[in-house]
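*Asks:* Sharing a structure below in structure tokens format, with a few things to ask.
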Amino acid sequence: KKKITTKTFAEMKQAGEKVTMLTAYDFTTAGIIDSAGIDSILIGDSASNVMAGNANTLPISVDEMIYHARSVARAVNHALVVCDMPFGSYQISREEALRNACRMMKETGVDALKLEGGIEIIDTVKSLIDAGIPVHGHLGLTPQSVNKFGGYGIRAKEEAEAEKLISDAIALDKAGCFAIVLEKVPAKLAAEVTRQVKAVTIGIGAGAGCDGQVLVYADALGMTKGFKPKFLRHFAHVGEEMTKGVQSYVDAVKTGGYPSAEESY
Ligand code: KIV
Ligand code: NA
């Protein structure tokens with residue numbers, strides 16, 4: 001199968017073919033996800049939660065994102081690889097954003113960068129695109145703003161916020177973003193945005209009207225115990241499988257069943 005590019009994304013939207021995306025943060029997992037036939041892999045700043053155990057995405061650094069992104073990029077042959085710019089790396093100034101973005105592209109080998117926000121970051125988005133960096137937008141529930149929102153509740157339920165989201169999506173689209181994540185917004189609004197923009201819309205908790213879907217792999221595969229929002233489906237029970245595997249290993253070692261003669265030199 002040939003490598004997916006931002007151009008492939010546009011062609012998929014044209015053809016009405018759904019775009020699939022999952023997160024990954026390490027070489028081994030990214031290799032499994034890529035080989036399974038995913039269209040795109042996101043090194044999300046959700047690595048802050050999923051890999052590091054932080055309560056939110058704010059603490060993760062550019063250096064830490066680069067470490068995860070390099071690990072993923074080494075494993076991927078087919079999927080389009082997108083990396084989140086972390087909190088604080090693109091909000092201070094256009095120059096600082098461009099410096100961090102160039103560093104992330106040079107040092108990781110990812111195909112594109114994702115930034116949270118709309119009109120407030122539009123000049124930064126344009127600068128990155130002018131520099132030749134494909135930009136993936138992210139609107140609705142933008143987790144880097146969790147403290148402003150006061151939680152992870154659904155966004156844009158009210159008219160004013162919904163209208164701002166449509167304006168933001170159109171601005172990102174006009175600036176040249178190739179895709180936009182729509183997180184935890186009403187399905188009807190996400191479908192409306194999808195109709196209005198050339199960019200591929202990737203939904204998470206945004207209904208079936210988006211051009212594609214994204215989930216955090218550990219959530220989708222049932223590894224994150226106790227996290228089960230309404231939008232989430234467990235497509236496997238990897239957490240249970242790992243528990244069984246660990247218990248089986250412990251049991252085999254304790255009882256002297258492992259290693260056997262055949263497993264010894
Ligand atoms: O960081 C992340 O995992 C994300 C996706 C859930 C869209 O931004
Ligand atoms: Na993210």
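FYI, nothing fancy with the structure tokens labels: chains A, B, ... in order, residues from 1 per chain, ligands from 1 as they appear.
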Mind checking which residues fall within 7 Å of His78 (chain A), counting only C-alpha atoms, ignoring those fewer than 2 positions away in the same chain, and posting them as a PDB file with C-alpha atoms, in the first residue's frame?

*Replies:*
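The result, stored in part.pdb:
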```
ATOM      1  CA  LYS A   1       0.000   0.000   0.000  1.00  0.00           C
ATOM      2  CA  LYS A   2       1.315   3.435  -0.859  1.00  0.00           C
ATOM      3  CA  LYS A   3       2.085   6.255   1.564  1.00  0.00           C
ATOM      4  CA  ILE A   4      -0.846   8.495   2.509  1.00  0.00           C
ATOM      5  CA  ASP A  34       0.205   1.180  10.737  1.00  0.00           C
ATOM      6  CA  VAL A  76       5.285   4.014  10.006  1.00  0.00           C
ATOM      7  CA  LEU A  80       0.041  10.023   7.335  1.00  0.00           C
TER       8      LEU A  80
END
```

*Asks:* Taking only C-alpha atoms and all ligand atoms into account, report as JSON, numbers by chain which residues have an atom no farther than 7 Å from an atom of ligand 1.

*Replies:* {"A": [23, 42, 43, 44, 45, 46, 47, 84, 181, 183, 204, 214, 215, 216]}

*Asks:* Create the file for the chosen residues now, containing N, CA, C and O atoms and written as a PDB file, in the first residue's frame.

*Replies:*
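Result written to out10.pdb:
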```pdb
ATOM      1  N   THR A  23      -4.329   7.538  17.656  1.00  0.00           N
ATOM      2  CA  THR A  23      -3.083   8.062  18.209  1.00  0.00           C
ATOM      3  C   THR A  23      -2.077   6.915  18.342  1.00  0.00           C
ATOM      4  O   THR A  23      -2.442   5.735  18.319  1.00  0.00           O
ATOM      5  N   LEU A  42      -1.767   9.914  14.802  1.00  0.00           N
ATOM      6  CA  LEU A  42      -1.540  11.177  15.498  1.00  0.00           C
ATOM      7  C   LEU A  42      -0.696  10.947  16.744  1.00  0.00           C
ATOM      8  O   LEU A  42      -1.068  10.140  17.605  1.00  0.00           O
ATOM      9  N   ILE A  43       0.445  11.637  16.811  1.00  0.00           N
ATOM     10  CA  ILE A  43       1.158  11.683  18.079  1.00  0.00           C
ATOM     11  C   ILE A  43       0.483  12.807  18.855  1.00  0.00           C
ATOM     12  O   ILE A  43       0.835  13.986  18.728  1.00  0.00           O
ATOM     13  N   GLY A  44      -0.552  12.461  19.594  1.00  0.00           N
ATOM     14  CA  GLY A  44      -1.332  13.449  20.335  1.00  0.00           C
ATOM     15  C   GLY A  44      -0.574  13.890  21.577  1.00  0.00           C
ATOM     16  O   GLY A  44       0.207  13.129  22.139  1.00  0.00           O
ATOM     17  N   ASP A  45      -0.868  15.131  22.009  1.00  0.00           N
ATOM     18  CA  ASP A  45      -0.316  15.558  23.300  1.00  0.00           C
ATOM     19  C   ASP A  45      -1.058  14.840  24.430  1.00  0.00           C
ATOM     20  O   ASP A  45      -0.712  14.979  25.600  1.00  0.00           O
ATOM     21  N   SER A  46      -2.051  14.006  24.072  1.00  0.00           N
ATOM     22  CA  SER A  46      -2.661  13.071  25.014  1.00  0.00           C
ATOM     23  C   SER A  46      -1.611  12.100  25.548  1.00  0.00           C
ATOM     24  O   SER A  46      -1.875  11.386  26.520  1.00  0.00           O
ATOM     25  N   ALA A  47      -0.432  12.063  24.937  1.00  0.00           N
ATOM     26  CA  ALA A  47       0.702  11.327  25.514  1.00  0.00           C
ATOM     27  C   ALA A  47       0.947  11.779  26.951  1.00  0.00           C
ATOM     28  O   ALA A  47       1.393  10.988  27.790  1.00  0.00           O
ATOM     29  N   ASP A  84       0.997  16.662  17.405  1.00  0.00           N
ATOM     30  CA  ASP A  84       0.485  17.835  18.123  1.00  0.00           C
ATOM     31  C   ASP A  84       1.618  18.770  18.518  1.00  0.00           C
ATOM     32  O   ASP A  84       2.657  18.320  19.029  1.00  0.00           O
ATOM     33  N   VAL A 181      -9.647  18.595  13.361  1.00  0.00           N
ATOM     34  CA  VAL A 181     -10.321  17.761  14.362  1.00  0.00           C
ATOM     35  C   VAL A 181     -11.493  18.552  14.937  1.00  0.00           C
ATOM     36  O   VAL A 181     -11.357  19.733  15.258  1.00  0.00           O
ATOM     37  N   GLU A 183     -13.797  18.116  18.137  1.00  0.00           N
ATOM     38  CA  GLU A 183     -13.874  17.303  19.342  1.00  0.00           C
ATOM     39  C   GLU A 183     -15.075  17.684  20.201  1.00  0.00           C
ATOM     40  O   GLU A 183     -15.257  18.851  20.562  1.00  0.00           O
ATOM     41  N   ILE A 204     -14.163  13.419  16.899  1.00  0.00           N
ATOM     42  CA  ILE A 204     -14.050  12.587  18.115  1.00  0.00           C
ATOM     43  C   ILE A 204     -15.178  13.068  19.021  1.00  0.00           C
ATOM     44  O   ILE A 204     -15.182  14.204  19.474  1.00  0.00           O
ATOM     45  N   VAL A 214     -11.238   9.944  14.809  1.00  0.00           N
ATOM     46  CA  VAL A 214     -10.010   9.697  15.556  1.00  0.00           C
ATOM     47  C   VAL A 214     -10.366   9.257  16.976  1.00  0.00           C
ATOM     48  O   VAL A 214     -11.379   9.697  17.534  1.00  0.00           O
ATOM     49  N   LEU A 215      -9.563   8.353  17.536  1.00  0.00           N
ATOM     50  CA  LEU A 215      -9.657   7.996  18.950  1.00  0.00           C
ATOM     51  C   LEU A 215      -8.240   7.819  19.500  1.00  0.00           C
ATOM     52  O   LEU A 215      -7.303   7.543  18.741  1.00  0.00           O
ATOM     53  N   VAL A 216      -8.108   7.998  20.783  1.00  0.00           N
ATOM     54  CA  VAL A 216      -6.861   7.652  21.476  1.00  0.00           C
ATOM     55  C   VAL A 216      -6.788   6.120  21.487  1.00  0.00           C
ATOM     56  O   VAL A 216      -7.729   5.453  21.926  1.00  0.00           O
TER      57      VAL A 216
END
```

*Asks:* Please check which protein, DNA or RNA residues sit within 12 Å of ligand 2, counting only C-alpha atoms and all ligand atoms, and write them as a PyMOL selection string.

*Replies:* chain A and resi 22-25+42-50+56-58+60+65+82-87+113-117+136-146+180-183+204+214-216

*Asks:* Print the selection's residues with C-alpha atoms to a file, as a PDB file, in the first residue's frame.

*Replies:*
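The resulting file, selection.pdb, is shown below:
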```pdb
ATOM      1  CA  LEU A  22      -5.696   6.668  15.871  1.00  0.00           C
ATOM      2  CA  THR A  23      -3.083   8.062  18.209  1.00  0.00           C
ATOM      3  CA  ALA A  24       0.251   6.354  18.903  1.00  0.00           C
ATOM      4  CA  TYR A  25       3.210   7.451  21.001  1.00  0.00           C
ATOM      5  CA  LEU A  42      -1.540  11.177  15.498  1.00  0.00           C
ATOM      6  CA  ILE A  43       1.158  11.683  18.079  1.00  0.00           C
ATOM      7  CA  GLY A  44      -1.332  13.449  20.335  1.00  0.00           C
ATOM      8  CA  ASP A  45      -0.316  15.558  23.300  1.00  0.00           C
ATOM      9  CA  SER A  46      -2.661  13.071  25.014  1.00  0.00           C
ATOM     10  CA  ALA A  47       0.702  11.327  25.514  1.00  0.00           C
ATOM     11  CA  SER A  48       0.789  13.590  28.579  1.00  0.00           C
ATOM     12  CA  ASN A  49      -2.142  11.619  30.019  1.00  0.00           C
ATOM     13  CA  VAL A  50      -1.699   8.202  28.411  1.00  0.00           C
ATOM     14  CA  ASN A  56      -4.149  16.935  31.474  1.00  0.00           C
ATOM     15  CA  THR A  57      -2.180  17.760  28.317  1.00  0.00           C
ATOM     16  CA  LEU A  58      -0.577  20.969  29.592  1.00  0.00           C
ATOM     17  CA  ILE A  60       4.125  17.869  28.032  1.00  0.00           C
ATOM     18  CA  MET A  65       6.668  15.361  21.935  1.00  0.00           C
ATOM     19  CA  VAL A  82       0.560  14.084  12.393  1.00  0.00           C
ATOM     20  CA  CYS A  83       2.100  15.500  15.588  1.00  0.00           C
ATOM     21  CA  ASP A  84       0.485  17.835  18.123  1.00  0.00           C
ATOM     22  CA  MET A  85       2.275  21.055  18.998  1.00  0.00           C
ATOM     23  CA  PRO A  86       2.151  21.106  22.817  1.00  0.00           C
ATOM     24  CA  PHE A  87       0.724  23.839  25.047  1.00  0.00           C
ATOM     25  CA  LEU A 113       1.565  19.385  12.798  1.00  0.00           C
ATOM     26  CA  LYS A 114      -1.700  19.935  14.694  1.00  0.00           C
ATOM     27  CA  LEU A 115      -2.565  23.108  16.635  1.00  0.00           C
ATOM     28  CA  GLU A 116      -5.610  23.880  18.783  1.00  0.00           C
ATOM     29  CA  GLY A 117      -7.670  26.977  18.029  1.00  0.00           C
ATOM     30  CA  HIS A 136      -4.087  20.138  11.000  1.00  0.00           C
ATOM     31  CA  GLY A 137      -6.587  22.265  12.949  1.00  0.00           C
ATOM     32  CA  HIS A 138      -8.447  21.299  16.128  1.00  0.00           C
ATOM     33  CA  LEU A 139     -11.720  22.960  17.253  1.00  0.00           C
ATOM     34  CA  GLY A 140     -14.486  22.351  19.789  1.00  0.00           C
ATOM     35  CA  LEU A 141     -13.206  20.766  22.989  1.00  0.00           C
ATOM     36  CA  THR A 142      -9.546  21.779  22.784  1.00  0.00           C
ATOM     37  CA  PRO A 143      -7.975  20.108  25.852  1.00  0.00           C
ATOM     38  CA  GLN A 144      -5.125  22.636  26.167  1.00  0.00           C
ATOM     39  CA  SER A 145      -7.889  25.105  27.193  1.00  0.00           C
ATOM     40  CA  VAL A 146      -9.389  22.797  29.863  1.00  0.00           C
ATOM     41  CA  ILE A 180      -9.543  19.816  11.258  1.00  0.00           C
ATOM     42  CA  VAL A 181     -10.321  17.761  14.362  1.00  0.00           C
ATOM     43  CA  LEU A 182     -13.800  18.481  15.730  1.00  0.00           C
ATOM     44  CA  GLU A 183     -13.874  17.303  19.342  1.00  0.00           C
ATOM     45  CA  ILE A 204     -14.050  12.587  18.115  1.00  0.00           C
ATOM     46  CA  VAL A 214     -10.010   9.697  15.556  1.00  0.00           C
ATOM     47  CA  LEU A 215      -9.657   7.996  18.950  1.00  0.00           C
ATOM     48  CA  VAL A 216      -6.861   7.652  21.476  1.00  0.00           C
TER      49      VAL A 216
END
```

*Asks:* Got a sec: who's within 10 Å of Ala187 (chain A), counting only C-alpha atoms, leaving out chain neighbours fewer than 2 positions off, as a list in words?

*Replies:* Leu182, Lys184, Val185, Leu189, Ala190, Ala191, Glu192, Val193, Gly203, Gly205, Ala206, Gly207, Ala208, Gly209 and Cys210 of chain A

*Asks:* I need the residues in region 101-240 of chain A that are alpha helix (DSSP H) according to DSSP; give them as a count of residues only.

*Replies:* 55

*Asks:* Could you pull out all residues of region 8-234 of chain A with a DSSP call of strand (DSSP E) and give them as a VMD selection string?

*Replies:* chain A and resid 19 to 23 40 to 43 80 to 84 112 to 114 135 to 140 179 to 183 200 to 204 212 to 215

*Asks:* From the set A:Asp111, A:Glu241, A:Asp251, A:Asp26, which residue has the shortest atom-to-atom contact distance to Thr6 (chain A), counting only C-alpha atoms?

*Replies:* A:Asp111

*Asks:* In Å, rounded to a single decimal, give me how far CA of Leu221 (chain A) is from CA of Tyr258 (chain A).

*Replies:*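 CA of Tyr258 (chain A) sits 28.7 Å away from CA of Leu221 (chain A).
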
*Asks:* I'd like the contact shell of Met223 (chain A) - 6 Å cut-off, only C-alpha atoms, skipping same-chain residues fewer than 4 positions apart - returned as a VMD selection string.

*Replies:* chain A and resid 218 to 219 238 to 239

*Asks:* Write out as a ChimeraX atom specification which residues come within 9 Å of Val72 (chain A) when counting only C-alpha atoms, dropping same-chain ones fewer than 3 positions away.

*Replies:* /A:24-31,41,43,67-69,75-76,81,108,110

*Asks:* For C-alpha atoms, I'd like the residues from the last selection saved as a compact mmCIF listing (two decimals), in the first residue's frame.

*Replies:*
```txt
# COMPACT_ATOMS: atom_id res chain seq x y z
CA ALA A 24 0.25 6.35 18.90
CA TYR A 25 3.21 7.45 21.00
CA ASP A 26 5.80 4.69 20.60
CA PHE A 27 7.51 2.56 17.95
CA THR A 28 5.98 -0.82 18.79
CA THR A 29 2.37 0.36 18.98
CA ALA A 30 2.70 2.59 15.91
CA GLY A 31 4.03 -0.37 13.92
CA ILE A 41 -1.50 8.26 13.07
CA ILE A 43 1.16 11.68 18.08
CA TYR A 67 10.80 11.89 21.50
CA HIS A 68 7.36 10.31 20.97
CA ALA A 69 7.08 11.57 17.39
CA ALA A 75 7.68 2.65 12.62
CA VAL A 76 5.28 4.01 10.01
CA VAL A 81 1.82 10.99 10.56
CA THR A 108 10.97 13.87 13.92
CA VAL A 110 6.38 13.57 10.85
```

*Asks:* Might you pull out every residue within 12 Å of Glu17 (chain A), with only C-alpha atoms counted and same-chain residues fewer than 2 positions away left off, and present them as an NGL selection string?

*Replies:* :A and (8-15 or 19-20 or 39 or 200 or 210-213)
